Each structure stands twice: as C-alpha cells, then as structure tokens.
Amino acid sequence: MARLRSFRRLAAHFVDIADFLLVYIEEAHPSDGWVSSDAAYKIPKHQCLQDRLRAAQLMREGAPDCPLAVDTMDNASSAAYGAYFERLYIIQEEKVMYQGGRGPEGYKISELRSWLDQYKTRLQSPSTVVIQV
C-alpha cells in the first residue's frame, strides 16, 4: 500500500500529461499461500473472478482517482507484461516507451518520475521546424 500511495502522488503530479491505469493481477502473497510478514491485508488465493474483483476493491480504495482494471483468471495481462507481481510501464501510441523492472526490487517510482519529467520538458520546449525551399 505504501507503493500505491507513491504511485497515487505521481499520478496526481503528472495528470496533465498522462493517463494512469492500475491493473490488479494475481495476489503475490495470498494468506493461504506464501505469506509475507509485512502484508497489509489477508487476501486468500483467488479461486474465481469474483474473488479477484473483491480483492481489487482494496486497491481502488488506495487510489480512488485512478482507473482500475482486473486481470483475467488465466493472468493474461500479467503474462503479457511480465508483471509478476508489480511493474511500471509507459505505453504511448501502442508502443512500450518505458518498462520498469519486476517488483518488488525493480519497482522504482523514481525512474518513472524521471521519464515523465523528461517527457514533460520535451512537451514544453518549443519545437523548431526547418523547411527548405
């Protein structure tokens, strides 16, 4: 949840240049599986989509202003993006522009912030167009 708060602050800061989306995937440390000692919630392994949707509501509460999608039970999004179990991406015009490392070690909000800062600077810089006649 601490990472979600950081993400939420980042999304609020860059709302003028980017749309943000959270995708809830399979639970990394289900309460009936490989349990983490610092888990904020006790969420059992999802047995059906309804279980996953209920668990995703906790994420919705942590970031109410950000749209939320939920991965399918066959974990198609997680597999396609190698999210296992958290990852940051920037996708622009259907192309991956930034791919963060796999979480938890590779989940670095600071890298995402840096990319967005650079992008915002490019957007604000006047472009010079040279036309030869």
# chains A, B, ... in the order shown; residues from 1 in each chain; ligands from 1
>>> closest_atom_pairs(of="stretch 39-130 of chain A", to="stretch 20-35 of chain A", cutoff="10 Å", atoms="only C-alpha atoms", output="tab-separated table")
residue	atom	partner	partner_atom	distance
A:Ala39	CA	A:His29	CA	7.5
A:Tyr41	CA	A:Ser31	CA	8.3
A:Lys42	CA	A:Ser31	CA	5.1
A:Ile43	CA	A:Pro30	CA	5.3
A:Pro44	CA	A:Pro30	CA	4.6
A:Lys45	CA	A:Pro30	CA	5.0
A:His46	CA	A:Glu26	CA	7.2
A:Arg52	CA	A:Glu26	CA	7.5
A:Leu53	CA	A:Tyr24	CA	8.6
A:Ala55	CA	A:Tyr24	CA	8.6
A:Ala56	CA	A:Tyr24	CA	6.0
A:Gln57	CA	A:Tyr24	CA	9.4
A:Leu58	CA	A:Tyr24	CA	10.0
A:Met59	CA	A:Tyr24	CA	7.6
A:Arg60	CA	A:Leu22	CA	8.8
A:Ala63	CA	A:Leu22	CA	8.8
A:Asp65	CA	A:Phe20	CA	9.5
A:Cys66	CA	A:Leu21	CA	6.1
A:Pro67	CA	A:Leu21	CA	5.2
A:Leu68	CA	A:Leu22	CA	4.8
A:Ala69	CA	A:Val23	CA	4.7
A:Val70	CA	A:Tyr24	CA	4.7
A:Asp71	CA	A:Ile25	CA	5.1
A:Thr72	CA	A:Ile25	CA	7.9
A:Met73	CA	A:Glu26	CA	8.0
A:Asp74	CA	A:Glu26	CA	9.3
A:Asn75	CA	A:Ile25	CA	6.8
A:Ala76	CA	A:Ile25	CA	9.1
A:Ser77	CA	A:Ile25	CA	7.6
A:Ser78	CA	A:Ile25	CA	6.4
A:Ala79	CA	A:Ile25	CA	9.9
A:Ala83	CA	A:Ile25	CA	8.3
A:Tyr84	CA	A:Ala28	CA	7.8
A:Phe85	CA	A:Ala28	CA	5.8
A:Glu86	CA	A:Ile25	CA	8.4
A:Arg87	CA	A:Val23	CA	9.9
A:Leu88	CA	A:Leu22	CA	9.5
A:Tyr89	CA	A:Phe20	CA	9.8
A:Ile90	CA	A:Phe20	CA	9.0
>>> write_last_selection(atoms="C-alpha atoms", output="short mmCIF file (atom, residue, chain, number, x, y, z; two decimals), in the first residue's frame")
data_model
loop_
_atom_site.label_atom_id
_atom_site.label_comp_id
_atom_site.auth_asym_id
_atom_site.auth_seq_id
_atom_site.Cartn_x
_atom_site.Cartn_y
_atom_site.Cartn_z
CA ALA A 39 1.28 -7.92 4.16
CA TYR A 41 -4.20 -7.40 4.07
CA LYS A 42 -5.09 -11.07 4.33
CA ILE A 43 -6.23 -11.95 0.84
CA PRO A 44 -6.60 -15.65 0.01
CA LYS A 45 -5.64 -17.02 -3.42
CA HIS A 46 -8.30 -16.06 -5.93
CA ARG A 52 -10.20 -11.13 -7.63
CA LEU A 53 -12.74 -8.33 -8.07
CA ALA A 55 -9.59 -8.01 -3.62
CA ALA A 56 -9.16 -5.33 -6.28
CA GLN A 57 -11.50 -3.07 -4.34
CA LEU A 58 -8.73 -2.65 -1.75
CA MET A 59 -6.54 -1.21 -4.48
CA ARG A 60 -9.41 1.02 -5.59
CA ALA A 63 -6.11 5.06 -5.41
CA ASP A 65 -8.92 8.67 -8.67
CA CYS A 66 -7.13 6.17 -10.88
CA PRO A 67 -8.97 3.80 -13.25
CA LEU A 68 -8.61 0.16 -12.26
CA ALA A 69 -8.66 -2.93 -14.46
CA VAL A 70 -8.60 -6.52 -13.22
CA ASP A 71 -6.59 -9.26 -14.90
CA THR A 72 -8.35 -12.39 -16.11
CA MET A 73 -8.13 -15.61 -14.11
CA ASP A 74 -5.66 -17.01 -16.65
CA ASN A 75 -3.42 -13.99 -15.80
CA ALA A 76 -3.20 -12.81 -19.41
CA SER A 77 -2.09 -9.25 -18.56
CA SER A 78 0.48 -10.40 -16.05
CA ALA A 79 1.92 -12.85 -18.58
CA ALA A 83 4.28 -8.07 -14.21
CA TYR A 84 4.94 -10.81 -11.68
CA PHE A 85 3.84 -9.20 -9.24
CA GLU A 86 4.20 -5.50 -9.86
CA ARG A 87 5.68 -3.49 -12.67
CA LEU A 88 5.54 0.02 -14.11
CA TYR A 89 5.02 0.78 -17.80
CA ILE A 90 4.55 3.78 -20.05
#
>>> select_by_dssp(residues="stretch 23-129 of chain A", states="helix (DSSP H, G or I)", output="PyMOL selection string")
chain A and resi 49-62+76-81+109-124
>>> atom_distance(atom1="atom CA of A:Ser110", atom2="atom CA of A:Lys95")
21.3 Å
>>> atom_distance(atom1="atom CA of A:Tyr119", atom2="atom CA of A:Glu94")
16.7 Å
>>> closest_residue(among="A:Cys48, A:Ile131, A:Ile109, A:Ala18", to="A:Ile91", atoms="only C-alpha atoms")
A:Ala18
>>> select_by_dssp(residues="chain A", states="strand (DSSP E or B)", output="list in words")
Leu22, Val23, Tyr24, Leu68, Ala69, Val70, Tyr89, Ile90, Ile91, Gln92, Lys95, Val96, Met97, Tyr98 and Gln99 of chain A
>>> write_last_selection(atoms="C-alpha atoms", output="mmCIF file, in the first residue's frame")
data_model
loop_
_atom_site.group_PDB
_atom_site.id
_atom_site.type_symbol
_atom_site.label_atom_id
_atom_site.label_comp_id
_atom_site.auth_asym_id
_atom_site.auth_seq_id
_atom_site.Cartn_x
_atom_site.Cartn_y
_atom_site.Cartn_z
ATOM 1 C CA LEU A 22 -3.803 0.270 -12.373
ATOM 2 C CA VAL A 23 -4.175 -3.392 -13.285
ATOM 3 C CA TYR A 24 -4.876 -5.730 -10.396
ATOM 4 C CA LEU A 68 -8.607 0.163 -12.260
ATOM 5 C CA ALA A 69 -8.659 -2.928 -14.457
ATOM 6 C CA VAL A 70 -8.599 -6.515 -13.218
ATOM 7 C CA TYR A 89 5.019 0.783 -17.798
ATOM 8 C CA ILE A 90 4.546 3.780 -20.046
ATOM 9 C CA ILE A 91 2.687 2.977 -23.232
ATOM 10 C CA GLN A 92 2.344 5.614 -25.899
ATOM 11 C CA LYS A 95 4.295 1.211 -28.052
ATOM 12 C CA VAL A 96 6.123 0.477 -24.796
ATOM 13 C CA MET A 97 8.180 3.591 -24.072
ATOM 14 C CA TYR A 98 9.269 2.643 -20.541
ATOM 15 C CA GLN A 99 9.387 -0.753 -18.881
#
>>> closest_residue(among="A:Tyr81, A:Gln124, A:Asp117, A:Phe14", to="A:Gly100", atoms="only C-alpha atoms")
A:Tyr81
>>> closest_residue(among="A:Gln50, A:Pro126, A:Gly82, A:Glu93", to="A:Gly106", atoms="only C-alpha atoms")
A:Gly82
>>> decode(residues="stretch 7-132 of chain A", atoms="C-alpha atoms", output="PDB file, in the first residue's frame")
ATOM      1  CA  PHE A   7       2.037   5.940  -7.338  1.00  0.00           C
ATOM      2  CA  ARG A   8      -1.026   7.997  -6.479  1.00  0.00           C
ATOM      3  CA  ARG A   9       1.110  11.083  -5.761  1.00  0.00           C
ATOM      4  CA  LEU A  10       2.967  10.574  -9.044  1.00  0.00           C
ATOM      5  CA  ALA A  11      -0.288  10.243 -10.983  1.00  0.00           C
ATOM      6  CA  ALA A  12      -1.633  13.443  -9.417  1.00  0.00           C
ATOM      7  CA  HIS A  13       1.565  15.309 -10.302  1.00  0.00           C
ATOM      8  CA  PHE A  14       1.524  14.252 -13.971  1.00  0.00           C
ATOM      9  CA  VAL A  15      -2.222  14.208 -14.597  1.00  0.00           C
ATOM     10  CA  ASP A  16      -1.765  16.995 -17.178  1.00  0.00           C
ATOM     11  CA  ILE A  17       0.403  14.861 -19.494  1.00  0.00           C
ATOM     12  CA  ALA A  18      -0.507  11.225 -18.839  1.00  0.00           C
ATOM     13  CA  ASP A  19      -3.409   8.905 -18.168  1.00  0.00           C
ATOM     14  CA  PHE A  20      -2.777   6.332 -15.464  1.00  0.00           C
ATOM     15  CA  LEU A  21      -4.238   2.861 -15.106  1.00  0.00           C
ATOM     16  CA  LEU A  22      -3.803   0.270 -12.373  1.00  0.00           C
ATOM     17  CA  VAL A  23      -4.175  -3.392 -13.285  1.00  0.00           C
ATOM     18  CA  TYR A  24      -4.876  -5.730 -10.396  1.00  0.00           C
ATOM     19  CA  ILE A  25      -3.281  -9.125 -11.052  1.00  0.00           C
ATOM     20  CA  GLU A  26      -2.946 -12.319  -9.058  1.00  0.00           C
ATOM     21  CA  GLU A  27      -2.133 -11.870  -5.376  1.00  0.00           C
ATOM     22  CA  ALA A  28       1.623 -12.088  -4.721  1.00  0.00           C
ATOM     23  CA  HIS A  29       1.348 -13.286  -1.131  1.00  0.00           C
ATOM     24  CA  PRO A  30      -2.055 -14.891  -0.580  1.00  0.00           C
ATOM     25  CA  SER A  31      -2.979 -15.545   3.037  1.00  0.00           C
ATOM     26  CA  ASP A  32      -3.420 -19.233   2.192  1.00  0.00           C
ATOM     27  CA  GLY A  33      -0.115 -19.495   0.323  1.00  0.00           C
ATOM     28  CA  TRP A  34       3.309 -17.889   0.508  1.00  0.00           C
ATOM     29  CA  VAL A  35       2.528 -15.321   3.203  1.00  0.00           C
ATOM     30  CA  SER A  36       4.535 -12.122   3.558  1.00  0.00           C
ATOM     31  CA  SER A  37       5.232 -10.928   7.081  1.00  0.00           C
ATOM     32  CA  ASP A  38       4.516  -7.316   6.107  1.00  0.00           C
ATOM     33  CA  ALA A  39       1.284  -7.919   4.164  1.00  0.00           C
ATOM     34  CA  ALA A  40      -1.223  -5.148   4.833  1.00  0.00           C
ATOM     35  CA  TYR A  41      -4.198  -7.403   4.070  1.00  0.00           C
ATOM     36  CA  LYS A  42      -5.091 -11.069   4.334  1.00  0.00           C
ATOM     37  CA  ILE A  43      -6.233 -11.952   0.844  1.00  0.00           C
ATOM     38  CA  PRO A  44      -6.596 -15.647   0.007  1.00  0.00           C
ATOM     39  CA  LYS A  45      -5.644 -17.018  -3.422  1.00  0.00           C
ATOM     40  CA  HIS A  46      -8.301 -16.057  -5.932  1.00  0.00           C
ATOM     41  CA  GLN A  47     -10.450 -19.037  -6.839  1.00  0.00           C
ATOM     42  CA  CYS A  48     -12.692 -17.147  -9.237  1.00  0.00           C
ATOM     43  CA  LEU A  49     -13.036 -13.748 -10.861  1.00  0.00           C
ATOM     44  CA  GLN A  50     -15.372 -12.574  -8.090  1.00  0.00           C
ATOM     45  CA  ASP A  51     -12.588 -13.192  -5.537  1.00  0.00           C
ATOM     46  CA  ARG A  52     -10.202 -11.131  -7.625  1.00  0.00           C
ATOM     47  CA  LEU A  53     -12.742  -8.333  -8.071  1.00  0.00           C
ATOM     48  CA  ARG A  54     -13.324  -8.169  -4.295  1.00  0.00           C
ATOM     49  CA  ALA A  55      -9.591  -8.012  -3.621  1.00  0.00           C
ATOM     50  CA  ALA A  56      -9.165  -5.328  -6.279  1.00  0.00           C
ATOM     51  CA  GLN A  57     -11.503  -3.072  -4.338  1.00  0.00           C
ATOM     52  CA  LEU A  58      -8.735  -2.646  -1.745  1.00  0.00           C
ATOM     53  CA  MET A  59      -6.545  -1.210  -4.477  1.00  0.00           C
ATOM     54  CA  ARG A  60      -9.412   1.021  -5.590  1.00  0.00           C
ATOM     55  CA  GLU A  61      -9.625   2.412  -2.042  1.00  0.00           C
ATOM     56  CA  GLY A  62      -5.879   3.155  -2.115  1.00  0.00           C
ATOM     57  CA  ALA A  63      -6.114   5.059  -5.408  1.00  0.00           C
ATOM     58  CA  PRO A  64      -9.727   6.174  -5.893  1.00  0.00           C
ATOM     59  CA  ASP A  65      -8.924   8.667  -8.671  1.00  0.00           C
ATOM     60  CA  CYS A  66      -7.127   6.171 -10.882  1.00  0.00           C
ATOM     61  CA  PRO A  67      -8.969   3.805 -13.247  1.00  0.00           C
ATOM     62  CA  LEU A  68      -8.607   0.163 -12.260  1.00  0.00           C
ATOM     63  CA  ALA A  69      -8.659  -2.928 -14.457  1.00  0.00           C
ATOM     64  CA  VAL A  70      -8.599  -6.515 -13.218  1.00  0.00           C
ATOM     65  CA  ASP A  71      -6.589  -9.256 -14.899  1.00  0.00           C
ATOM     66  CA  THR A  72      -8.346 -12.393 -16.110  1.00  0.00           C
ATOM     67  CA  MET A  73      -8.133 -15.605 -14.112  1.00  0.00           C
ATOM     68  CA  ASP A  74      -5.656 -17.005 -16.652  1.00  0.00           C
ATOM     69  CA  ASN A  75      -3.417 -13.994 -15.804  1.00  0.00           C
ATOM     70  CA  ALA A  76      -3.197 -12.815 -19.414  1.00  0.00           C
ATOM     71  CA  SER A  77      -2.089  -9.251 -18.564  1.00  0.00           C
ATOM     72  CA  SER A  78       0.475 -10.399 -16.048  1.00  0.00           C
ATOM     73  CA  ALA A  79       1.921 -12.846 -18.577  1.00  0.00           C
ATOM     74  CA  ALA A  80       1.907 -10.355 -21.466  1.00  0.00           C
ATOM     75  CA  TYR A  81       3.670  -7.650 -19.481  1.00  0.00           C
ATOM     76  CA  GLY A  82       5.791  -9.833 -17.198  1.00  0.00           C
ATOM     77  CA  ALA A  83       4.283  -8.074 -14.210  1.00  0.00           C
ATOM     78  CA  TYR A  84       4.944 -10.806 -11.681  1.00  0.00           C
ATOM     79  CA  PHE A  85       3.838  -9.203  -9.241  1.00  0.00           C
ATOM     80  CA  GLU A  86       4.201  -5.497  -9.855  1.00  0.00           C
ATOM     81  CA  ARG A  87       5.681  -3.486 -12.668  1.00  0.00           C
ATOM     82  CA  LEU A  88       5.541   0.017 -14.109  1.00  0.00           C
ATOM     83  CA  TYR A  89       5.019   0.783 -17.798  1.00  0.00           C
ATOM     84  CA  ILE A  90       4.546   3.780 -20.046  1.00  0.00           C
ATOM     85  CA  ILE A  91       2.687   2.977 -23.232  1.00  0.00           C
ATOM     86  CA  GLN A  92       2.344   5.614 -25.899  1.00  0.00           C
ATOM     87  CA  GLU A  93       0.558   5.065 -29.193  1.00  0.00           C
ATOM     88  CA  GLU A  94       0.527   1.292 -28.576  1.00  0.00           C
ATOM     89  CA  LYS A  95       4.295   1.211 -28.052  1.00  0.00           C
ATOM     90  CA  VAL A  96       6.123   0.477 -24.796  1.00  0.00           C
ATOM     91  CA  MET A  97       8.180   3.591 -24.072  1.00  0.00           C
ATOM     92  CA  TYR A  98       9.269   2.643 -20.541  1.00  0.00           C
ATOM     93  CA  GLN A  99       9.387  -0.753 -18.881  1.00  0.00           C
ATOM     94  CA  GLY A 100      10.360  -0.801 -15.242  1.00  0.00           C
ATOM     95  CA  GLY A 101      11.951  -3.772 -13.566  1.00  0.00           C
ATOM     96  CA  ARG A 102       9.968  -6.564 -11.974  1.00  0.00           C
ATOM     97  CA  GLY A 103       8.803  -5.901  -8.445  1.00  0.00           C
ATOM     98  CA  PRO A 104       9.450  -5.647  -5.731  1.00  0.00           C
ATOM     99  CA  GLU A 105      13.141  -4.812  -6.348  1.00  0.00           C
ATOM    100  CA  GLY A 106      12.621  -3.374  -9.827  1.00  0.00           C
ATOM    101  CA  TYR A 107       9.558  -1.290  -8.963  1.00  0.00           C
ATOM    102  CA  LYS A 108      11.068   2.194  -8.924  1.00  0.00           C
ATOM    103  CA  ILE A 109       8.712   5.138  -8.891  1.00  0.00           C
ATOM    104  CA  SER A 110      11.780   7.411  -9.098  1.00  0.00           C
ATOM    105  CA  GLU A 111      12.640   6.020 -12.573  1.00  0.00           C
ATOM    106  CA  LEU A 112       9.089   6.532 -13.767  1.00  0.00           C
ATOM    107  CA  ARG A 113       9.082  10.071 -12.357  1.00  0.00           C
ATOM    108  CA  SER A 114      12.355  10.812 -14.170  1.00  0.00           C
ATOM    109  CA  TRP A 115      10.970   9.572 -17.503  1.00  0.00           C
ATOM    110  CA  LEU A 116       7.816  11.637 -17.059  1.00  0.00           C
ATOM    111  CA  ASP A 117       9.810  14.730 -16.057  1.00  0.00           C
ATOM    112  CA  GLN A 118      11.910  14.434 -19.223  1.00  0.00           C
ATOM    113  CA  TYR A 119       8.815  13.886 -21.343  1.00  0.00           C
ATOM    114  CA  LYS A 120       7.089  16.911 -19.820  1.00  0.00           C
ATOM    115  CA  THR A 121      10.164  19.047 -20.514  1.00  0.00           C
ATOM    116  CA  ARG A 122      10.138  17.930 -24.168  1.00  0.00           C
ATOM    117  CA  LEU A 123       6.441  18.813 -24.427  1.00  0.00           C
ATOM    118  CA  GLN A 124       7.042  22.290 -23.023  1.00  0.00           C
ATOM    119  CA  SER A 125      10.081  23.028 -25.197  1.00  0.00           C
ATOM    120  CA  PRO A 126       9.304  24.962 -28.329  1.00  0.00           C
ATOM    121  CA  SER A 127       9.989  22.921 -31.424  1.00  0.00           C
ATOM    122  CA  THR A 128      11.901  24.405 -34.277  1.00  0.00           C
ATOM    123  CA  VAL A 129      10.823  23.334 -37.708  1.00  0.00           C
ATOM    124  CA  VAL A 130      13.191  23.966 -40.618  1.00  0.00           C
ATOM    125  CA  ILE A 131      11.674  23.986 -44.084  1.00  0.00           C
ATOM    126  CA  GLN A 132      13.956  24.124 -47.082  1.00  0.00           C
TER     127      GLN A 132
END
